[in-house]
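So this block is model39.cif, mmCIF, C-alpha atoms and all ligand atoms:
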```
data_structure
#
loop_
_atom_site.label_atom_id
_atom_site.label_comp_id
_atom_site.auth_asym_id
_atom_site.auth_seq_id
_atom_site.Cartn_x
_atom_site.Cartn_y
_atom_site.Cartn_z
CA MET A 1 106.72 67.34 104.45
CA ARG A 2 107.78 68.38 107.93
CA THR A 3 109.00 71.98 108.19
CA ARG A 4 111.87 72.36 110.62
CA ILE A 5 112.83 75.70 112.19
CA ILE A 6 116.39 76.28 113.32
CA ASP A 7 117.00 79.23 115.65
CA THR A 8 120.27 80.66 114.34
CA SER A 9 120.90 82.58 117.57
CA LEU A 10 121.34 79.16 119.21
CA GLU A 11 122.47 76.92 116.34
CA MET A 12 124.05 79.10 113.66
CA GLU A 13 126.61 76.56 112.50
CA GLU A 14 124.07 73.71 112.20
CA GLY A 15 121.55 76.00 110.48
CA ILE A 16 124.00 77.19 107.84
CA ARG A 17 125.35 73.69 107.23
CA MET A 18 121.91 72.17 106.84
CA GLY A 19 120.55 75.12 104.83
CA ALA A 20 123.40 75.00 102.33
CA GLU A 21 123.14 71.22 102.00
CA LEU A 22 119.40 71.38 101.26
CA LEU A 23 119.82 74.23 98.77
CA LEU A 24 122.57 72.40 96.88
CA ASP A 25 120.28 69.33 96.82
CA GLY A 26 117.64 71.34 94.97
CA GLU A 27 115.39 71.95 98.03
CA LEU A 28 113.86 75.22 99.26
CA VAL A 29 115.10 77.01 102.40
CA ALA A 30 113.60 80.14 103.97
CA PHE A 31 116.12 82.54 105.50
CA PRO A 32 116.15 85.99 107.10
CA THR A 33 117.44 89.07 105.31
CA GLU A 34 117.61 92.67 106.50
CA THR A 35 114.45 93.45 104.45
CA VAL A 36 112.04 90.50 104.71
CA TYR A 37 112.41 86.69 104.86
CA GLY A 38 113.35 85.08 101.54
CA LEU A 39 112.44 81.67 100.08
CA GLY A 40 115.66 80.41 98.51
CA ALA A 41 116.56 77.89 95.81
CA ASP A 42 119.82 77.19 93.99
CA GLY A 43 119.72 79.87 91.29
CA THR A 44 121.69 77.72 88.84
CA ASN A 45 119.17 74.86 89.05
CA GLY A 46 116.04 75.55 86.97
CA ALA A 47 114.06 72.67 88.49
CA ALA A 48 114.82 73.85 92.03
CA VAL A 49 113.80 77.42 91.13
CA GLY A 50 110.57 76.03 89.67
CA ARG A 51 109.67 74.71 93.15
CA ILE A 52 109.59 78.29 94.46
CA PHE A 53 106.69 79.08 92.14
CA GLU A 54 104.83 75.96 93.31
CA ALA A 55 105.38 76.62 97.01
CA LYS A 56 104.24 80.25 96.77
CA GLY A 57 101.55 79.83 94.12
CA ARG A 58 103.44 82.55 92.24
CA PRO A 59 102.55 83.47 88.63
CA GLN A 60 105.16 82.03 86.24
CA ASP A 61 105.78 85.38 84.51
CA ASN A 62 107.10 87.08 87.67
CA PRO A 63 110.94 86.96 87.72
CA LEU A 64 113.11 86.38 90.80
CA ILE A 65 116.08 88.13 92.41
CA LEU A 66 119.43 86.30 92.56
CA HIS A 67 121.19 86.76 95.90
CA ILE A 68 125.00 86.85 96.00
CA TRP A 69 127.62 87.41 98.69
CA ASN A 70 130.56 88.35 96.48
CA PHE A 71 130.69 91.03 93.77
CA ARG A 72 132.65 88.68 91.47
CA GLN A 73 129.61 86.40 91.18
CA LEU A 74 128.02 89.10 88.98
CA GLU A 75 130.35 88.14 86.14
CA GLY A 76 128.51 84.90 85.52
CA ILE A 77 125.08 86.54 85.81
CA TRP A 78 125.13 89.76 83.76
CA SER A 79 126.40 90.25 80.19
CA GLU A 80 128.75 92.95 81.55
CA ILE A 81 129.06 95.03 84.70
CA PRO A 82 128.07 98.65 84.07
CA GLU A 83 129.91 101.45 85.88
CA THR A 84 126.63 102.54 87.51
CA ALA A 85 126.44 99.13 89.23
CA ARG A 86 129.98 99.44 90.58
CA LEU A 87 129.15 102.83 92.05
CA LEU A 88 125.91 101.67 93.63
CA ALA A 89 127.50 98.47 94.97
CA ASP A 90 130.26 100.54 96.59
CA ALA A 91 127.67 102.72 98.28
CA PHE A 92 124.88 100.28 99.20
CA TRP A 93 126.03 96.62 99.05
CA PRO A 94 125.65 94.57 101.06
CA GLY A 95 122.22 96.07 101.79
CA PRO A 96 118.60 96.56 100.72
CA LEU A 97 119.22 97.36 97.04
CA THR A 98 118.46 95.16 94.01
CA MET A 99 119.97 96.05 90.63
CA ILE A 100 118.72 94.89 87.24
CA PHE A 101 120.88 94.54 84.13
CA ARG A 102 121.06 92.46 80.94
CA THR A 103 121.43 88.77 81.62
CA GLY A 104 124.51 86.79 80.56
CA ASP A 105 124.55 83.14 79.49
CA GLY A 106 123.55 80.41 81.82
CA VAL A 107 120.90 82.04 84.02
CA PRO A 108 117.94 79.62 84.02
CA ALA A 109 114.78 80.94 82.35
CA GLU A 110 112.91 80.08 85.56
CA VAL A 111 114.81 82.93 87.27
CA THR A 112 114.24 85.62 84.62
CA ALA A 113 110.76 84.45 83.60
CA GLY A 114 112.10 84.69 80.06
CA LEU A 115 113.11 88.40 80.28
CA ASP A 116 116.52 89.49 78.91
CA THR A 117 117.39 91.13 82.24
CA VAL A 118 118.07 89.69 85.68
CA ALA A 119 117.81 91.20 89.17
CA VAL A 120 120.64 90.77 91.72
CA ARG A 121 121.03 91.71 95.37
CA MET A 122 123.74 91.28 98.03
CA PRO A 123 121.99 91.09 101.43
CA SER A 124 123.74 92.28 104.59
CA HIS A 125 121.97 90.04 107.13
CA PRO A 126 124.63 87.84 108.75
CA VAL A 127 122.55 84.66 108.36
CA ALA A 128 121.84 85.34 104.66
CA TYR A 129 125.44 86.26 104.08
CA ALA A 130 126.78 83.11 105.77
CA LEU A 131 124.30 80.88 103.92
CA LEU A 132 125.22 82.38 100.53
CA GLU A 133 128.92 82.09 101.25
CA ARG A 134 128.56 78.43 102.22
CA CYS A 135 126.48 77.61 99.10
CA GLY A 136 128.80 79.35 96.67
CA VAL A 137 126.01 79.58 94.05
CA PRO A 138 123.65 82.53 93.52
CA VAL A 139 120.40 81.87 95.39
CA ALA A 140 117.10 82.83 93.78
CA ALA A 141 114.74 84.14 96.46
CA PRO A 142 111.43 85.97 96.48
CA SER A 143 109.79 87.00 99.74
CA ALA A 144 108.78 83.84 101.65
CA ASN A 145 105.01 84.51 101.73
CA LEU A 146 102.21 82.82 99.83
CA SER A 147 101.69 84.85 96.68
CA GLY A 148 99.43 87.83 97.37
CA LYS A 149 100.01 87.91 101.15
CA PRO A 150 102.08 90.47 103.10
CA SER A 151 105.79 89.63 103.05
CA PRO A 152 107.02 87.81 106.18
CA THR A 153 109.17 89.70 108.67
CA THR A 154 109.48 86.85 111.20
CA ALA A 155 110.10 83.10 111.01
CA GLN A 156 106.61 82.61 112.50
CA HIS A 157 105.06 84.46 109.54
CA VAL A 158 107.00 82.23 107.15
CA LEU A 159 105.74 79.15 108.99
CA GLU A 160 102.11 80.35 108.70
CA ASP A 161 102.44 80.43 104.91
CA MET A 162 104.99 77.66 104.22
CA ARG A 163 104.24 74.94 106.79
CA GLY A 164 104.42 71.56 105.07
CA ARG A 165 105.67 73.11 101.82
CA ILE A 166 109.38 73.49 102.59
CA PRO A 167 111.84 71.49 104.73
CA LEU A 168 113.64 74.30 106.59
CA ILE A 169 113.21 77.82 107.96
CA LEU A 170 116.27 79.57 109.40
CA ASP A 171 115.02 81.82 112.20
CA GLY A 172 117.10 84.99 112.54
CA GLY A 173 114.61 87.11 114.51
CA SER A 174 112.67 90.06 113.10
CA ALA A 175 113.77 91.40 109.71
CA GLY A 176 115.06 94.94 110.25
CA TYR A 177 113.63 97.12 107.46
CA GLY A 178 110.41 95.17 107.07
CA VAL A 179 109.78 96.13 103.43
CA GLU A 180 111.54 94.58 100.46
CA SER A 181 114.64 96.00 98.78
CA THR A 182 114.64 98.96 96.43
CA VAL A 183 114.67 97.63 92.84
CA VAL A 184 116.55 99.80 90.34
CA SER A 185 116.96 99.00 86.66
CA LEU A 186 120.33 99.89 85.12
CA ALA A 187 119.48 98.35 81.74
CA GLY A 188 118.51 101.78 80.37
CA GLU A 189 118.55 105.15 82.16
CA PRO A 190 118.58 104.34 85.90
CA LYS A 191 115.00 103.86 87.09
CA ILE A 192 113.41 102.77 90.36
CA LEU A 193 110.90 99.98 89.74
CA ARG A 194 110.12 99.36 93.41
CA PRO A 195 110.93 101.84 96.21
CA GLY A 196 112.61 100.65 99.42
CA ALA A 197 114.98 101.65 102.20
CA VAL A 198 117.61 102.86 99.71
CA THR A 199 115.66 105.97 98.70
CA ARG A 200 115.61 107.89 95.44
CA GLU A 201 117.51 110.67 97.23
CA MET A 202 120.24 108.20 98.26
CA LEU A 203 120.55 106.76 94.73
CA GLU A 204 120.70 110.26 93.22
CA SER A 205 123.52 111.25 95.57
CA VAL A 206 125.60 108.59 93.77
CA LEU A 207 124.25 108.55 90.19
CA GLY A 208 122.62 111.93 89.61
CA PRO A 209 119.02 111.92 88.32
CA VAL A 210 117.18 108.61 88.73
CA GLY A 211 113.71 107.97 87.27
CA VAL A 212 110.80 106.41 89.13
CA ALA A 213 108.35 103.99 87.48
CA GLU A 214 105.03 105.80 87.19
CA SER A 215 102.90 103.02 88.56
CA ILE A 216 104.58 103.05 91.97
CA LEU A 217 101.64 104.87 93.56
CA ARG A 218 98.80 103.99 91.22
CA PRO A 219 97.32 101.00 89.43
CA LEU A 220 98.48 100.22 85.90
CA LEU A 221 96.47 101.95 83.19
CA ASP A 222 94.54 99.94 80.62
CA GLY A 223 97.06 98.49 78.18
CA GLU A 224 100.10 99.79 80.13
CA THR A 225 102.92 97.22 80.48
CA ALA A 226 104.48 96.85 83.91
CA SER A 227 108.19 97.75 83.97
CA SER A 228 108.40 95.20 86.78
CA PRO A 229 106.09 92.21 86.31
CA GLY A 230 105.43 92.03 90.07
CA MET A 231 103.66 95.40 89.92
CA LYS A 232 100.72 94.15 87.94
CA TYR A 233 99.50 91.78 90.60
CA ARG A 234 97.44 92.39 93.73
CA HIS A 235 99.68 91.79 96.70
CA TYR A 236 100.51 92.39 100.34
CA ALA A 237 96.80 91.71 100.97
CA PRO A 238 95.98 90.55 104.50
CA ASP A 239 92.85 88.58 105.45
CA ALA A 240 90.85 91.79 105.89
CA GLN A 241 89.72 94.67 103.73
CA VAL A 242 92.20 97.57 103.85
CA ARG A 243 91.22 101.21 103.28
CA VAL A 244 93.70 104.10 103.13
CA ILE A 245 92.70 107.57 104.36
CA MET A 246 94.70 110.46 102.84
CA GLY A 247 94.87 114.10 103.87
CA GLU A 248 95.99 116.45 106.64
CA GLU A 249 96.52 114.69 109.97
CA ARG A 250 93.42 116.08 111.73
CA ASP A 251 91.15 115.56 108.72
CA VAL A 252 92.42 112.01 108.40
CA ALA A 253 91.73 111.26 112.04
CA GLU A 254 88.19 112.72 111.82
CA GLU A 255 87.35 110.73 108.69
CA THR A 256 88.87 107.58 110.16
CA VAL A 257 86.73 107.93 113.29
CA ARG A 258 83.62 108.33 111.11
CA LEU A 259 84.45 105.26 109.01
CA TYR A 260 85.33 103.26 112.13
CA ASP A 261 82.10 104.06 113.96
CA ASP A 262 79.99 103.35 110.86
CA ALA A 263 81.62 99.98 110.33
CA VAL A 264 81.25 99.03 114.00
CA LYS A 265 77.54 99.93 113.80
CA ASN A 266 77.33 97.48 110.91
CA GLY A 267 78.74 94.74 113.09
CA LYS A 268 82.28 94.80 111.73
CA SER A 269 85.48 94.36 113.65
CA VAL A 270 87.75 97.30 112.78
CA MET A 271 91.39 98.18 113.42
CA ILE A 272 93.14 101.50 112.82
CA LEU A 273 96.77 101.71 111.71
CA SER A 274 97.59 105.07 113.29
CA THR A 275 100.63 107.29 113.64
CA ALA A 276 102.27 108.89 116.68
CA GLN A 277 100.78 112.22 115.57
CA THR A 278 97.18 110.96 115.65
CA ALA A 279 97.11 108.06 118.12
CA THR A 280 95.57 110.13 120.93
CA LEU A 281 92.66 111.23 118.70
CA TYR A 282 91.08 107.76 118.53
CA GLY A 283 90.05 107.36 122.17
CA GLU A 284 89.09 103.79 123.00
CA ARG A 285 88.95 102.62 119.39
CA LYS A 286 91.21 99.70 118.50
CA GLN A 287 94.46 100.79 116.93
CA THR A 288 98.06 99.83 116.24
CA CYS A 289 100.40 102.81 116.15
CA LEU A 290 103.08 102.28 113.51
CA GLY A 291 105.31 105.17 114.61
CA SER A 292 105.94 108.78 113.71
CA ARG A 293 105.04 110.19 110.30
CA ARG A 294 108.44 111.85 110.42
CA THR A 295 110.27 108.49 110.46
CA PRO A 296 108.59 106.39 107.76
CA VAL A 297 111.48 103.92 107.97
CA GLU A 298 110.10 102.96 111.39
CA MET A 299 106.55 102.69 110.02
CA CYS A 300 107.83 100.45 107.20
CA SER A 301 109.38 98.07 109.70
CA ARG A 302 105.98 97.48 111.34
CA LEU A 303 103.63 97.59 108.34
CA PHE A 304 103.58 93.98 107.09
CA SER A 305 103.45 92.53 110.57
CA ALA A 306 100.55 94.87 111.47
CA LEU A 307 98.64 93.90 108.30
CA ARG A 308 99.17 90.20 108.93
CA GLU A 309 98.35 90.22 112.66
CA ASN A 310 95.36 92.58 112.43
CA GLY A 311 94.09 90.72 109.36
CA LYS A 312 93.53 87.69 111.62
CA VAL A 313 91.13 89.55 113.94
CA ALA A 314 89.67 92.48 111.97
CA ASP A 315 87.25 92.61 109.01
CA LEU A 316 88.38 96.12 108.10
CA ILE A 317 91.72 97.87 108.54
CA LEU A 318 91.70 101.68 108.29
CA ALA A 319 95.23 102.93 107.58
CA GLU A 320 96.45 106.52 107.50
CA GLY A 321 98.31 107.63 104.38
CA ILE A 322 101.56 109.56 104.84
CA GLY A 323 103.83 111.76 102.68
CA THR A 324 106.01 110.12 100.02
CA GLN A 325 109.35 111.77 100.84
CA GLY A 326 112.27 109.44 101.63
CA GLU A 327 111.09 106.01 102.84
CA GLY A 328 107.50 107.32 102.76
CA LEU A 329 107.45 106.31 99.07
CA ALA A 330 108.14 102.66 99.94
CA TYR A 331 105.54 102.80 102.72
CA MET A 332 102.79 104.17 100.48
CA ASN A 333 103.71 101.83 97.61
CA ARG A 334 103.12 98.78 99.86
CA LEU A 335 100.13 100.19 101.73
CA LEU A 336 98.22 101.22 98.58
CA ARG A 337 98.77 97.78 97.04
CA SER A 338 97.64 96.00 100.18
CA ALA A 339 94.45 98.07 99.96
CA GLY A 340 93.96 97.30 96.26
CA PHE A 341 94.09 101.13 95.89
CA ASP A 342 90.96 101.65 97.98
CA VAL A 343 91.58 105.27 99.07
CA VAL A 344 89.37 107.81 100.85
CA TYR A 345 90.34 111.50 100.66
CA ALA A 346 89.66 113.49 103.82
CA GLY A 347 89.17 117.26 104.14
CA THR A 348 90.39 119.22 101.13
CA GLU A 349 92.73 116.47 99.90
CA LYS A 350 91.97 115.65 96.25
CA ALA A 351 92.31 112.37 94.40
CA PRO A 352 95.05 112.46 91.75
CA VAL A 353 93.94 111.53 88.23
CA GLN A 354 93.36 107.81 88.53
CA ALA A 355 93.39 104.85 86.19
CA ALA A 356 90.02 104.02 84.66
CA ASP A 357 90.30 100.39 85.55
CA PRO A 358 92.18 99.15 88.59
CA PHE A 359 94.78 96.46 87.94
CA ASN A 360 93.81 92.93 87.40
CA GLU A 361 92.64 91.42 90.59
CA GLY A 362 92.24 87.69 90.76
CA THR A 363 95.85 87.08 89.95
CA HIS A 364 98.18 87.57 92.84
CA ASP A 365 101.76 88.23 93.18
CA ASN A 366 104.83 88.66 94.77
O1 LIG B 1 114.10 92.51 99.78
C1 LIG B 1 113.88 91.78 98.81
O2 LIG B 1 114.09 92.13 97.64
C2 LIG B 1 113.33 90.36 99.09
C3 LIG B 1 114.41 89.59 99.84
C4 LIG B 1 114.02 88.16 100.07
O3 LIG B 1 115.64 89.70 99.16
N1 LIG B 1 112.95 89.71 97.87
C5 LIG B 1 111.86 90.07 97.14
O4 LIG B 1 111.62 89.32 96.03
O5 LIG B 1 111.13 90.99 97.46
P1 LIG B 1 110.21 89.30 95.27
O6 LIG B 1 110.32 88.22 94.27
O7 LIG B 1 109.13 89.18 96.27
O8 LIG B 1 110.15 90.67 94.51
C6 LIG B 1 111.00 90.89 93.39
C7 LIG B 1 110.45 91.99 92.53
C8 LIG B 1 109.17 91.59 91.82
O9 LIG B 1 108.29 92.69 91.79
C9 LIG B 1 109.68 91.25 90.41
O10 LIG B 1 108.68 91.44 89.44
C10 LIG B 1 110.81 92.25 90.25
O11 LIG B 1 111.41 92.32 91.54
N2 LIG B 1 111.83 91.78 89.29
C11 LIG B 1 112.67 90.72 89.41
N3 LIG B 1 113.43 90.58 88.30
C12 LIG B 1 113.07 91.57 87.46
C13 LIG B 1 113.50 91.96 86.15
N4 LIG B 1 114.42 91.28 85.48
N5 LIG B 1 112.89 93.05 85.59
C14 LIG B 1 111.94 93.73 86.26
N6 LIG B 1 111.51 93.42 87.51
C15 LIG B 1 112.05 92.35 88.10
MG MG B 2 107.36 89.39 97.23
#
```
Would you write out, as structure tokens, the structure that this file holds?
Amino acid sequence: MRTRIIDTSLEMEEGIRMGAELLLDGELVAFPTETVYGLGADGTNGAAVGRIFEAKGRPQDNPLILHIWNFRQLEGIWSEIPETARLLADAFWPGPLTMIFRTGDGVPAEVTAGLDTVAVRMPSHPVAYALLERCGVPVAAPSANLSGKPSPTTAQHVLEDMRGRIPLILDGGSAGYGVESTVVSLAGEPKILRPGAVTREMLESVLGPVGVAESILRPLLDGETASSPGMKYRHYAPDAQVRVIMGEERDVAEETVRLYDDAVKNGKSVMILSTAQTATLYGERKQTCLGSRRTPVEMCSRLFSALRENGKVADLILAEGIGTQGEGLAYMNRLLRSAGFDVVYAGTEKAPVQAADPFNEGTHDN
């Protein structure tokens, strides 16, 4: 299959027309959102949704997010619309927030992976919005990467993973946030299952106390069930080993230099993912600075692209850990997973109590 790319900055009308036509024909179309690129299928067509799992190599038990452009579409998707969802939609939709509630009739089992809940999001990206409006149906869409790889933030990244597997990629430039949406479950007490650009603090300003799934920053424990199936799989892994170094800035830089020089002595090609606070401490060593520790939202926007690009040239990526306030939680959630929780503690920083057995490798998600 030939994969066509349409640049929507030049051919918006043609891109939306063709994208909607393919989707309604049961085909897959990749499109930009304000978080990462999505791989869409008609969310009312079980067979079409099934193709997403084939194209990505995604485990069948990992459910998908339905994308909508109009709040009224929720009526056909959820069993009812809870007040909490109205409040959050008023505050954050369209935008990088996914809400989960009990599924109504008629959502294909391919979307929910057989769960009794379904995830929904209203993206704000103009290309996503226009495509959804033209289709009229909810569009099921995971991130448009091969399962296990970092999520794509450009059309080029989508092409790397999906060439020959899908007929169309709508190119809308770089995705803004660069990490996937915040996922919050409203089926019980409000709980964050995956952190994102809509932070816990932002959700709490609307709803009051919001829980956070425990396994956001650690592997699942033996026998623990994932509140979000996607969390049990290894993912965001580039084609290089990733190691995270935690601690005070100066200790981190010192330890990183030591690890870097050791690895180079052993003939490895190494890359540092540094921060504005430490970049000058690495001298001539190879590094990509992801931005200031004080603006993790900026670091998020560069993370997946840095993992993907550096993974092509490096054997080992040494990445600094940062604090988990605000968007720092989303940053560390993705970084730790990309490293398979391989963490080094520098200086006096101590490891938290860790799971006995890291999560099941071998299987990949997301
Ligand atoms: O920003 C985003 O959310 C992007 C763009 C394309 O919208 N999409 C995305 O989808 O990240 P995906 O499939 O890569 O991640 C969806 C996550 C997975 O971890 C999945 O397990 C979880 O949401 N999820 C979906 N439905 C769920 C449900 N009913 N209950 C619990 N977790 C669910
Ligand atoms: Mg994903």
Within 9 Å of ligand MG 2 (chain B), which residues of chain A come that close, and what is the closest atom pair and distance in Å for each? Count all atoms listed in the file and give it as JSON lines.
```
{"residue": "A:Val36", "atom": "CA", "partner": "B:MG2", "partner_atom": "MG", "distance": 8.9}
{"residue": "A:Gly38", "atom": "CA", "partner": "B:MG2", "partner_atom": "MG", "distance": 8.5}
{"residue": "A:Pro142", "atom": "CA", "partner": "B:MG2", "partner_atom": "MG", "distance": 5.4}
{"residue": "A:Ser143", "atom": "CA", "partner": "B:MG2", "partner_atom": "MG", "distance": 4.2}
{"residue": "A:Ala144", "atom": "CA", "partner": "B:MG2", "partner_atom": "MG", "distance": 7.2}
{"residue": "A:Asn145", "atom": "CA", "partner": "B:MG2", "partner_atom": "MG", "distance": 7.0}
{"residue": "A:Leu146", "atom": "CA", "partner": "B:MG2", "partner_atom": "MG", "distance": 8.7}
{"residue": "A:Ser147", "atom": "CA", "partner": "B:MG2", "partner_atom": "MG", "distance": 7.3}
{"residue": "A:Gly148", "atom": "CA", "partner": "B:MG2", "partner_atom": "MG", "distance": 8.1}
{"residue": "A:Lys149", "atom": "CA", "partner": "B:MG2", "partner_atom": "MG", "distance": 8.5}
{"residue": "A:Pro150", "atom": "CA", "partner": "B:MG2", "partner_atom": "MG", "distance": 8.0}
{"residue": "A:Ser151", "atom": "CA", "partner": "B:MG2", "partner_atom": "MG", "distance": 6.0}
{"residue": "A:Glu180", "atom": "CA", "partner": "B:MG2", "partner_atom": "MG", "distance": 7.4}
{"residue": "A:Gly230", "atom": "CA", "partner": "B:MG2", "partner_atom": "MG", "distance": 7.9}
{"residue": "A:His235", "atom": "CA", "partner": "B:MG2", "partner_atom": "MG", "distance": 8.1}
{"residue": "A:Tyr236", "atom": "CA", "partner": "B:MG2", "partner_atom": "MG", "distance": 8.1}
{"residue": "A:Asp365", "atom": "CA", "partner": "B:MG2", "partner_atom": "MG", "distance": 7.0}
{"residue": "A:Asn366", "atom": "CA", "partner": "B:MG2", "partner_atom": "MG", "distance": 3.6}
```
Check: Any idea what's packed within 6 Å of region 332-345 of chain A, counting only C-alpha atoms, ignoring anything in its chain fewer than 2 positions away? Could you give it as a ChimeraX atom specification?
Finding: /A:216-217,235-237,242-246,329-330,349
Using all atoms listed in the file, find each residue in chain A having at least one atom no more than 7 Å away from ligand LIG 1 (chain B); report its shortest atom-to-atom pair and that distance in Å (one decimal), rows by chain then rising number, as CSV.
```
residue,atom,partner,partner_atom,distance
A:Thr33,CA,B:LIG1,C3,6.3
A:Thr35,CA,B:LIG1,O1,4.8
A:Val36,CA,B:LIG1,C3,5.5
A:Tyr37,CA,B:LIG1,C4,5.3
A:Gly38,CA,B:LIG1,C4,3.5
A:Leu39,CA,B:LIG1,C4,6.7
A:Asn62,CA,B:LIG1,O10,5.0
A:Pro63,CA,B:LIG1,N3,4.4
A:Leu64,CA,B:LIG1,C11,4.6
A:Ile65,CA,B:LIG1,C11,5.2
A:Pro96,CA,B:LIG1,O1,6.1
A:Thr98,CA,B:LIG1,O2,6.4
A:Ile100,CA,B:LIG1,N4,5.9
A:Thr112,CA,B:LIG1,N4,5.7
A:Leu115,CA,B:LIG1,N4,6.1
A:Thr117,CA,B:LIG1,N4,4.4
A:Val118,CA,B:LIG1,N4,4.0
A:Ala119,CA,B:LIG1,N3,4.5
A:Arg121,CA,B:LIG1,O3,6.9
A:Pro123,CA,B:LIG1,O3,6.9
A:Ala141,CA,B:LIG1,C4,5.5
A:Pro142,CA,B:LIG1,O6,3.3
A:Ser143,CA,B:LIG1,O7,4.2
A:Ala144,CA,B:LIG1,C4,7.0
A:Val179,CA,B:LIG1,O1,6.7
A:Glu180,CA,B:LIG1,O1,3.4
A:Ser181,CA,B:LIG1,O1,3.7
A:Thr182,CA,B:LIG1,O2,7.0
A:Val183,CA,B:LIG1,O11,6.4
A:Leu193,CA,B:LIG1,N6,7.0
A:Ser227,CA,B:LIG1,C14,6.0
A:Ser228,CA,B:LIG1,N6,3.7
A:Pro229,CA,B:LIG1,O10,4.1
A:Gly230,CA,B:LIG1,O10,3.4
A:Met231,CA,B:LIG1,O9,5.7
A:Asn366,CA,B:LIG1,O7,4.6
```
Next item on the list: Could you check which of A:Cys289, A:Leu97, A:Leu159, A:Ala351 is closest to Thr199 (chain A), using only C-alpha atoms?
Entry: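 The answer is A:Leu97, which sits nearest to Thr199 (chain A).
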Item checked: Neighbour list for Ser301 (chain A) as a PyMOL selection string, cut-off 10 Å, all atoms listed in the file, skip fewer than 6 positions in-chain -> chain A and resi 35-36+153+174-179+290-291+331
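With only C-alpha atoms as the atoms that count, the minimum distance from Arg17 (chain A) to the choices A:Phe92, A:Leu168, A:Leu259, A:Ala226 is reached by A:Leu168.
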Note to self: Please list as an MDAnalysis selection string every residue within 7 Å of Ser274 (chain A), counting only C-alpha atoms and excluding residues in the same chain fewer than 4 positions away.
What the structure shows: chainID A and resid 278:279 287:290 319:320
Could you give me, as CSV, every region 87-144 of chain A residue with an atom at most 8 Å from region 201-210 of chain A, plus its closest atom pair and distance in Å to one decimal, counting all atoms listed in the file, rows ordered by chain then number?
```
residue,atom,partner,partner_atom,distance
A:Leu87,CA,A:Val206,CA,7.0
A:Leu88,CA,A:Val206,CA,6.9
A:Ala91,CA,A:Val206,CA,7.7
```
Near region 106-109 of chain A, within 8 Å and counting all atoms listed in the file, which residues show up once chain neighbours fewer than 6 positions away are dropped, as a CSV table (one decimal) with C-alpha atoms, in the coordinates of the input?
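To be explicit, this is the file written out as result18.csv:
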```csv
chain,number,residue,atom,x,y,z
A,43,GLY,CA,119.7,79.9,91.3
A,44,THR,CA,121.7,77.7,88.8
A,45,ASN,CA,119.2,74.9,89.0
A,46,GLY,CA,116.0,75.6,87.0
A,76,GLY,CA,128.5,84.9,85.5
A,77,ILE,CA,125.1,86.5,85.8
A,115,LEU,CA,113.1,88.4,80.3
```
Next item on the list: Tell me, in Å to one decimal, how far CA of Gly50 (chain A) is from CA of Glu110 (chain A).
Entry: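 Separation between CA of Gly50 (chain A) and CA of Glu110 (chain A): 6.2 Å.
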Starting from 5 Å padding per side, set up an axis-aligned box that covers all listed atoms of region 7-14 of chain A and hand over centre and edge lengths in Å, one decimal, as JSON.
```
{"center_x": 121.8, "center_y": 78.1, "center_z": 115.7, "size_x": 19.6, "size_y": 18.9, "size_z": 17.0}
```
Next item on the list: Within 8 Å of (124.6, 92.3, 103.6) (coordinates as in the file), grab all the protein and nucleic acid residues, counting only C-alpha atoms, and write them out as a ChimeraX atom specification.
Entry: /A:34,69,93-96,122-126,128-129
Just C-alpha atoms for this one: save the residues we selected as a compact mmCIF listing (two decimals), in the coordinates of the input.
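Output saved as result_13.txt:
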```txt
# COMPACT_ATOMS: atom_id res chain seq x y z
CA GLU A 34 117.61 92.67 106.50
CA TRP A 69 127.62 87.41 98.69
CA TRP A 93 126.03 96.62 99.05
CA PRO A 94 125.65 94.57 101.06
CA GLY A 95 122.22 96.07 101.79
CA PRO A 96 118.60 96.56 100.72
CA MET A 122 123.74 91.28 98.03
CA PRO A 123 121.99 91.09 101.43
CA SER A 124 123.74 92.28 104.59
CA HIS A 125 121.97 90.04 107.13
CA PRO A 126 124.63 87.84 108.75
CA ALA A 128 121.84 85.34 104.66
CA TYR A 129 125.44 86.26 104.08
```
Checklist line | Polymer residues at most 9 Å from Glu248 (chain A), all atoms listed in the file, same-chain spacing of 5 or more positions, as a list in words | finding: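 Residues near the query, excluding close chain neighbours: Ala253, Ala346, Gly347, Thr348 and Glu349 of chain A.
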Next item on the list: Could you please give me, as a list in words, the residues of protein, DNA or RNA lying at most 8 Å from (112.9, 103.0, 93.0) in the coordinate frame of the file, considering only C-alpha atoms?
Entry: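 Residues found, by chain and rising number: Thr182, Val183, Val184, Lys191, Ile192, Leu193, Arg194, Pro195, Gly196, Thr199, Arg200, Gly211, Val212 and Ala213 of chain A.
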Item checked: Distance in Å - CA of Ile6 (chain A) versus CA of Pro59 (chain A) ->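 Those two atoms sit 29.2 Å apart.
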Check: How many Å separate CA of Leu316 (chain A) from CA of Ile272 (chain A)?
Finding: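 These atoms are spaced 8.6 Å apart.
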Given the block above, output region 294-306 of chain A with C-alpha atoms as a compact mmCIF listing (two decimals), in the first residue's frame.
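Written file, part.txt:
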```
# COMPACT_ATOMS: atom_id res chain seq x y z
CA ARG A 294 11.20 24.99 35.64
CA THR A 295 9.05 24.57 32.49
CA PRO A 296 8.46 20.82 32.16
CA VAL A 297 5.74 21.54 29.60
CA GLU A 298 8.55 22.63 27.26
CA MET A 299 10.59 19.51 28.07
CA CYS A 300 7.53 17.34 27.34
CA SER A 301 7.17 18.87 23.90
CA ARG A 302 10.70 17.73 22.96
CA LEU A 303 10.95 14.38 24.75
CA PHE A 304 9.54 11.89 22.22
CA SER A 305 11.28 13.52 19.30
CA ALA A 306 14.60 13.49 21.21
```
